[in-house]
Structures are given as C-alpha cells and as structure tokens.
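Trainee: The structure is given below, and queries will be raised subsequently.
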Amino acid sequence: MSLLVEPFASPFMARALAVALLLGVVGGVVSVFVVLRRLAFVSDTLTHTVFPGVVVGFLVAGTNGIVWGALAFAVLSVVLLTVLSTHARITEDASLAILLTGFFSVGVILVSRRPSYTADLTAFLFGRILTVDMRQIVVTAILGAVALLTLAALRKELVFRAFDPAGAAARGYPVVALDLALNLVVALVVVAAVRAVGTVLVIALLVVPGAAARLLSDRLAAIVVLAAAIGALGGWLGLAASYQASIEHGLRLASGATVVLALVALYGVAAAVGTVRSSARRRGRVTP
Amino acid sequence: MDGSEPALRFDHASLAYGRVRVVEEVDGVVRPGESVALIGPNGAGKSTLLRAVLGLVAVVGGRIEVLGRTPARARRDVAYIPQADTLDAEFPVTAGQVVLMGRYREVGWLRRPGARDRGIAAEALDAVGLADRAGDRFGTLSGGQRQRVLLARAIAQRPRLLLLDEPFNGVDAVSQDALLAALAKLRADGAAVVVSTHDLALAHLACDEVCLLNRHQVAFGPTEDILTPELLRAAYGGQALITDGAVVAH
C-alpha cells in the first residue's frame, strides 16, 4: 500500500495527484456521455482543435495564457463542429477530419516558429503534470465544476436526446443546442486537462472510463459513479507507477502517458470482469 | 376549444426539404377519437408527413393545423412514437426510465420527475401490459415489447394526437394485440391516432380512415372505400400485389 501513498509525500507529487484525481472524476463523468453519444471522434477532434489555442495563449501571455487561448479555440471549434455536423451534404467524419487537421496544423506552424520548438511541442501535446502549481489546480477545479454542473442541470434532456434524438426533437427539445452544450462540456475538460496531460492524451480521459464502466453495469447512475472512480483510480495508479519506476528503478516513464496506460489497464480489467459476469448470467438463465 | 374541433387538418398541404418538394396536396381532416392509416410505398412521404405534423418539416404550400394550432405550437399535446428498432438496444436505460421520458416536458428544465410523474409512468406501462418489466433494460425486451414501452411513453405524455411510425413492423402477436388494445383505449378517451404502416390488414383492423400516399395524396377517406385494388394500384403503381381480401403490397 505504501507504494501507492509514499510517492505523494512530496508537494509536487501531491499537486500532480490532486490534478489527476480532479481530471479523473470530471473526465470519467463526461466520458459516460461521450460513449453514450458515440462522440469519441468528435472529442478527439476537439482535443486537436484546442491545440492552436494553447499555442496562441502561450505566445501572447506565457503559461498563464494557455487556458484562455485553449478556451477561446474550444468555443470557436465547438460552434464550427456543431454547425458542420448538422449539414448533411458532407459526412460528419469528413468534416471532423477537416477541422481536426486544419486547426492542428495552424498550431504546429505557430509553435514551429519558436526556437524551443521540440520542447514546447512536447509540453503542449503531452502535458507536464509534475510541474502543475496551485493556480492550475484551482483553474482545473473551476473548469471541472462548470462541466459537471452543466451535465447535472441537463442530464435528463441529454440522456433523452442520446437515446432517442427523433423523439426528443418531436417533443420540441432544441437538439442542436443540447449537442452544442455537450460539445462545450467536452471542450471544457480538454481545456482543463491541457497543462497536465496535453491535448493528445486527454482523449483517453474522455473515452476510457465511460467505456470501462459501461462493461460493468447496465444502470446509468452506477455507470457514472464507476466511470468517475475508474478515472480517478487511473490517475492515481499511473502517477504512482511512473514515480516508483523513476525513483526506485531508474526507469523514466512519462507520467501523462503512464496515467493513460493505467486507464487502459483498468479497461482491460473491466472487460474481463464484464465477460465473466455476462457468461455467469447466461449460465444462470439456462439453469434457473 | 370545443370537442368537435379537428385534431388534425390538412389543407392542400405541400411539404419540402430545402427546395425539394417531397409531398404534395394532402387534404383531409382527422377528428378526436379517429384513427387514420398512412399507406404508401417506401419513399412515398409517410415519415415526412408525420414530421410535418410535428413541425419538423416545412409546409411550403397550403396548411397543416394541429388541434387548432400551428404544428410547432401543438407539440405539447402530440406524441410521436418512433420505430423501436431505430433505437440503440445497448443503451443503459430501463423500460421504466424510457416511459418516464414521456413526462420530461411536463416536468420542465432543471427539475427531476416527482412521485406524481412516476405514478403516471407506472400506470402507462401497466396500460400496455408491461408493469412487471419496468426494471428491465430496454434493449433486453423483444421488439414488440420495446414498441409497447414506446407507446407507454406516449401515453404518459397524455397526448391528444398520437403519431406512430410503422409500429407493427416485426411485432409478435401478443404485442400486436396489446398495442391495438392500448390504442383503442386512447381513442375511446378522445385521442386521435395517425399510423404510418405497410400492413393493409392492420389498417383494416385498427383504422377508420386511410390516407393513400405516393409523393402526393392519392386518396383520403373511409378505410373500406380507399383500400380498393384500383386505388392501391394507383398508389403503388405496378408493384401492387393484391390477394384475396388481404392486400399485400410491395
């Protein structure tokens, strides 16, 4: 057990843990909706369209500008994405791919003009969870709270729309506005996670916990709780593993990527448990 | 509003997606307690007509009046029942939760359904004979049972007009009987029903009137007068296949 607690005695690791737990819980809850709405590719697109915002924010105002730049580009790309996906003449995946690569290239061009190109690019893409400060924790908490409160306020409408879009439209629900709201929530998580895990790895937070939790339960309320727990657990285990590997075994593991691998490992566990459960249920049905 | 006000009035209505006219010249009246079958080949515009009644497709000529109002203003009193097999069978939602969705509009934004809404939802599920399945996941039910759950959701909404899109496709006999009984009860309580269907035998069984459609209205009137070989051929072109009394068309 001390292997899981000991690493967080030092303040920088404690701060990293705080951010990882926050992002795990928020990302976990949001990922349930991402999985229900099959928004994995939409979310992936958002992680890339936020990237130029990160770069612009950094160029204009340094590290403290990153969140604001990311937020501005998140809102811009969510609006573009929601509008594009309501136009039937181009398929949604094609328009997403155009947005994703277009925005991402703008970010790469901007960052490539800097002398410290490679180091900057790495930091933006993969984050630096071990260097987060108190201010970033607060910003992450605020963005996460806004995302969760939005989901809590709109949950019954979002679930209705996810389950039966035609039925929701027939009842007069503004489906496009609901889609916009959920896309904005996803974008908020991307912005919240950008400094810690980078724009590329955040997609794991937005998909894996929800997908894993779905394998463990058929009840939406339980899935939400499980996903939050899996997200937080992945953050904790990943950080502890990367710390132990570096300190005890001299093996440097990138902490953001290790968190992602921990999440994927938890997904594997959930898949195994889910398979055992459903085969047990099938056997139970054959011999009541 | 008096009791004789039509539930639905088509006044030479033409519908379009963008600039493309998809249905033309629909003209007829549906009164409270009546049921109408929308019949026509695939692509005839049946679903489009239902969507227009919901105010989701533009009326570019003539008029559609729902309960004396424009379609968009009448939505609160109109229930739409989609085909059950168009919904995600893996979605983690129970039959009871699906029925409760019928109350969401009445519950309103930011509020949770209360005991009264749960009571209405439970009654509605009972009305389609599935009270004991409330806790089952929607996707684990048979196709016919899912269709009944969706009808229960509509009943929970307490509508004055029901629109059903191919409700009898792939439905077993038990569920078909339960659906027909629930629809008859709704009509007895004064709701009007519009059913889009391919099943002419069921149109005979469940509907007083038929609207025969193929991009334009071929005929609208009492079921017996409309489901004739001549008119069916006019609607389906050479594809109509009519066998002794029970008319099969494809």
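FYI, nothing fancy with the structure tokens labels: chains A, B, ... in order, residues from 1 per chain, ligands from 1 as they appear.
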For the structure I just gave you, how does DSSP split range 64-99 of chain B - specifically, which residues are alpha helix (DSSP H)? Reply as a list of chain:residue names.
Mentor: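 Restricting range 64-99 of chain B to alpha helix (DSSP H) produces B:Pro71, B:Ala72, B:Arg73, B:Ala74, B:Ala95, B:Gly96, B:Gln97, B:Val98, B:Val99.
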Trainee: Give me, as an mmCIF file with C-alpha atoms, in the first residue's frame, the residues of chain A touching chain B, with the criterion being at most 10 Å (counting only C-alpha atoms).
Mentor:
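Output file result-v3.cif follows:
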data_model
loop_
_atom_site.group_PDB
_atom_site.id
_atom_site.type_symbol
_atom_site.label_atom_id
_atom_site.label_comp_id
_atom_site.auth_asym_id
_atom_site.auth_seq_id
_atom_site.Cartn_x
_atom_site.Cartn_y
_atom_site.Cartn_z
ATOM 1 C CA LEU A 36 -23.433 7.081 -24.982
ATOM 2 C CA ARG A 37 -23.474 9.641 -27.775
ATOM 3 C CA ALA A 152 -26.168 17.761 -13.777
ATOM 4 C CA ALA A 153 -28.525 20.518 -14.916
ATOM 5 C CA LEU A 154 -29.177 18.998 -18.358
ATOM 6 C CA ARG A 155 -28.834 15.316 -17.570
ATOM 7 C CA LYS A 156 -32.378 14.178 -18.265
ATOM 8 C CA GLU A 157 -32.550 16.111 -21.539
ATOM 9 C CA VAL A 159 -29.950 11.312 -21.856
ATOM 10 C CA PHE A 160 -33.275 11.606 -23.715
ATOM 11 C CA ALA A 162 -28.781 10.484 -26.656
ATOM 12 C CA PHE A 163 -31.316 7.655 -26.503
ATOM 13 C CA ASP A 164 -33.911 8.949 -28.972
ATOM 14 C CA PRO A 165 -32.947 12.027 -30.999
ATOM 15 C CA ALA A 166 -36.090 11.882 -33.156
ATOM 16 C CA GLY A 167 -38.301 11.559 -30.082
ATOM 17 C CA ALA A 168 -36.552 14.473 -28.373
ATOM 18 C CA ALA A 169 -36.961 16.673 -31.456
ATOM 19 C CA ALA A 170 -40.621 15.655 -31.678
ATOM 20 C CA ARG A 171 -41.134 16.869 -28.117
ATOM 21 C CA GLY A 172 -39.721 20.223 -29.086
ATOM 22 C CA TYR A 173 -36.319 19.895 -27.449
ATOM 23 C CA ARG A 214 -20.342 0.524 -19.345
ATOM 24 C CA SER A 217 -23.118 -2.081 -15.294
ATOM 25 C CA ASP A 218 -26.362 -1.562 -17.208
ATOM 26 C CA ARG A 219 -27.545 1.199 -14.838
ATOM 27 C CA LEU A 220 -26.758 4.729 -15.889
ATOM 28 C CA ALA A 221 -26.383 6.057 -12.332
ATOM 29 C CA ILE A 223 -22.053 3.758 -14.711
#
Trainee: Just asking: which residues within range 37-195 of chain B are strand (DSSP E) according to DSSP, as a ChimeraX atom specification?
Mentor: /B:37-39,58-66,78-81,161-165,192-195
Trainee: Include N, CA and C atoms and write out the residues we just selected as a compact mmCIF listing (two decimals), in the first residue's frame.
Mentor:
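The resulting result_0.txt:
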# COMPACT_ATOMS: atom_id res chain seq x y z
N ALA B 37 -54.79 5.56 -41.16
CA ALA B 37 -53.58 4.87 -41.59
C ALA B 37 -52.97 5.63 -42.76
N LEU B 38 -51.65 5.89 -42.66
CA LEU B 38 -50.92 6.47 -43.79
C LEU B 38 -50.32 5.30 -44.55
N ILE B 39 -50.76 5.13 -45.80
CA ILE B 39 -50.29 3.97 -46.55
C ILE B 39 -49.69 4.41 -47.87
N ALA B 58 -40.86 21.69 -43.29
CA ALA B 58 -41.53 22.92 -43.71
C ALA B 58 -42.78 22.64 -44.55
N VAL B 59 -43.85 23.32 -44.23
CA VAL B 59 -45.06 23.29 -45.07
C VAL B 59 -44.92 24.45 -46.06
N VAL B 60 -44.74 24.12 -47.36
CA VAL B 60 -44.45 25.18 -48.34
C VAL B 60 -45.66 25.59 -49.15
N GLY B 61 -46.75 24.80 -49.01
CA GLY B 61 -47.97 25.20 -49.69
C GLY B 61 -49.13 24.72 -48.85
N GLY B 62 -50.25 25.45 -48.86
CA GLY B 62 -51.39 25.05 -48.05
C GLY B 62 -51.06 25.16 -46.57
N ARG B 63 -51.76 24.33 -45.74
CA ARG B 63 -51.60 24.49 -44.31
C ARG B 63 -51.78 23.16 -43.57
N ILE B 64 -51.10 23.02 -42.44
CA ILE B 64 -51.41 21.92 -41.52
C ILE B 64 -51.78 22.56 -40.18
N GLU B 65 -52.92 22.16 -39.66
CA GLU B 65 -53.35 22.68 -38.37
C GLU B 65 -53.47 21.51 -37.40
N VAL B 66 -52.81 21.62 -36.24
CA VAL B 66 -52.85 20.56 -35.25
C VAL B 66 -53.56 21.09 -34.01
N VAL B 78 -48.94 16.46 -28.63
CA VAL B 78 -48.75 15.45 -29.68
C VAL B 78 -47.65 14.49 -29.26
N ALA B 79 -47.94 13.19 -29.38
CA ALA B 79 -46.92 12.19 -29.05
C ALA B 79 -46.46 11.51 -30.32
N TYR B 80 -45.16 11.36 -30.47
CA TYR B 80 -44.58 10.69 -31.63
C TYR B 80 -43.92 9.39 -31.16
N ILE B 81 -44.25 8.31 -31.82
CA ILE B 81 -43.70 7.02 -31.43
C ILE B 81 -42.83 6.49 -32.55
N LEU B 161 -53.10 13.77 -29.69
CA LEU B 161 -52.85 13.22 -31.02
C LEU B 161 -51.61 12.34 -30.96
N LEU B 162 -51.73 11.10 -31.46
CA LEU B 162 -50.58 10.18 -31.48
C LEU B 162 -50.15 9.93 -32.90
N LEU B 163 -48.85 9.96 -33.13
CA LEU B 163 -48.30 9.65 -34.44
C LEU B 163 -47.40 8.43 -34.29
N LEU B 164 -47.71 7.37 -35.02
CA LEU B 164 -46.92 6.15 -34.91
C LEU B 164 -46.26 5.82 -36.25
N ASP B 165 -44.94 5.60 -36.22
CA ASP B 165 -44.19 5.31 -37.44
C ASP B 165 -43.94 3.80 -37.53
N ALA B 192 -56.76 11.30 -31.05
CA ALA B 192 -56.73 10.90 -32.45
C ALA B 192 -55.41 10.19 -32.72
N VAL B 193 -55.43 9.27 -33.70
CA VAL B 193 -54.25 8.44 -33.95
C VAL B 193 -53.93 8.44 -35.45
N VAL B 194 -52.66 8.66 -35.78
CA VAL B 194 -52.21 8.53 -37.16
C VAL B 194 -51.11 7.49 -37.18
N VAL B 195 -51.30 6.45 -38.01
CA VAL B 195 -50.35 5.35 -38.06
C VAL B 195 -49.78 5.23 -39.46
Trainee: Which value, in Å to one decimal, gives the distance between CA of Ala227 in chain A and CA of Ala72 in chain A?
Mentor: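 Between CA of Ala227 in chain A and CA of Ala72 in chain A the gap works out to 28.1 Å.
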Trainee: Applying 12 Å and only C-alpha atoms, which residues near range 256-258 of chain A remain after dropping the ones on its own chain fewer than 6 positions away? List them as a PDB file with C-alpha atoms, in the first residue's frame.
Mentor:
ATOM      1  CA  ALA A  16       0.037  16.236  -9.511  1.00  0.00           C
ATOM      2  CA  LEU A  17      -2.211  13.773  -7.680  1.00  0.00           C
ATOM      3  CA  VAL A  19      -4.995  17.391 -10.622  1.00  0.00           C
ATOM      4  CA  ALA A  20      -5.073  13.744 -11.709  1.00  0.00           C
ATOM      5  CA  LEU A  23      -9.443  15.278 -14.070  1.00  0.00           C
ATOM      6  CA  THR A 122       6.145  18.024 -26.401  1.00  0.00           C
ATOM      7  CA  ALA A 123       4.811  20.018 -23.462  1.00  0.00           C
ATOM      8  CA  PHE A 124       1.679  21.115 -25.345  1.00  0.00           C
ATOM      9  CA  LEU A 125       0.940  17.697 -26.753  1.00  0.00           C
ATOM     10  CA  PHE A 126       1.715  15.552 -23.716  1.00  0.00           C
ATOM     11  CA  GLY A 127       1.432  17.961 -20.804  1.00  0.00           C
ATOM     12  CA  ARG A 128       3.571  18.371 -17.693  1.00  0.00           C
ATOM     13  CA  ILE A 129       1.600  17.031 -14.800  1.00  0.00           C
ATOM     14  CA  LEU A 130       4.594  17.109 -12.439  1.00  0.00           C
ATOM     15  CA  THR A 131       5.004  20.867 -12.735  1.00  0.00           C
ATOM     16  CA  ALA A 193      -6.537  18.898 -18.861  1.00  0.00           C
ATOM     17  CA  VAL A 194      -4.319  20.689 -21.338  1.00  0.00           C
ATOM     18  CA  ARG A 195      -1.500  21.724 -18.984  1.00  0.00           C
ATOM     19  CA  ALA A 196      -1.393  18.450 -17.107  1.00  0.00           C
ATOM     20  CA  VAL A 197      -1.836  15.730 -19.727  1.00  0.00           C
ATOM     21  CA  GLY A 198      -1.620  17.661 -23.007  1.00  0.00           C
ATOM     22  CA  THR A 199      -4.015  17.793 -25.911  1.00  0.00           C
ATOM     23  CA  VAL A 200      -3.287  14.333 -27.285  1.00  0.00           C
ATOM     24  CA  LEU A 201      -3.642  12.138 -24.217  1.00  0.00           C
ATOM     25  CA  VAL A 202      -6.797  13.804 -22.842  1.00  0.00           C
ATOM     26  CA  ILE A 203      -8.867  11.752 -25.268  1.00  0.00           C
ATOM     27  CA  ALA A 204      -8.148   8.745 -23.036  1.00  0.00           C
ATOM     28  CA  LEU A 205      -9.787  10.514 -20.085  1.00  0.00           C
ATOM     29  CA  GLY A 234      -6.260   5.520 -13.287  1.00  0.00           C
ATOM     30  CA  GLY A 235      -4.750   8.906 -12.388  1.00  0.00           C
ATOM     31  CA  TRP A 236      -3.589   7.678  -9.004  1.00  0.00           C
ATOM     32  CA  LEU A 237      -2.136   4.351 -10.172  1.00  0.00           C
ATOM     33  CA  GLY A 238      -0.474   5.911 -13.204  1.00  0.00           C
ATOM     34  CA  LEU A 239       1.266   8.612 -11.195  1.00  0.00           C
ATOM     35  CA  ALA A 240       2.370   6.164  -8.504  1.00  0.00           C
ATOM     36  CA  ALA A 241       3.705   3.762 -11.134  1.00  0.00           C
ATOM     37  CA  SER A 242       5.670   6.394 -13.023  1.00  0.00           C
ATOM     38  CA  TYR A 243       7.148   7.709  -9.745  1.00  0.00           C
ATOM     39  CA  GLN A 244       8.174   4.275  -8.480  1.00  0.00           C
ATOM     40  CA  ALA A 245       9.658   3.350 -11.838  1.00  0.00           C
ATOM     41  CA  SER A 246      11.750   6.536 -11.972  1.00  0.00           C
ATOM     42  CA  VAL A 264      -6.310   1.266 -20.453  1.00  0.00           C
ATOM     43  CA  ALA A 265      -5.244  -1.464 -17.997  1.00  0.00           C
TER      44      ALA A 265
END
Trainee: Using Å and a single decimal, report how far CA of Gly33 in chain B sits from CA of Gly190 in chain B.
Mentor: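 A separation of 4.4 Å between them.
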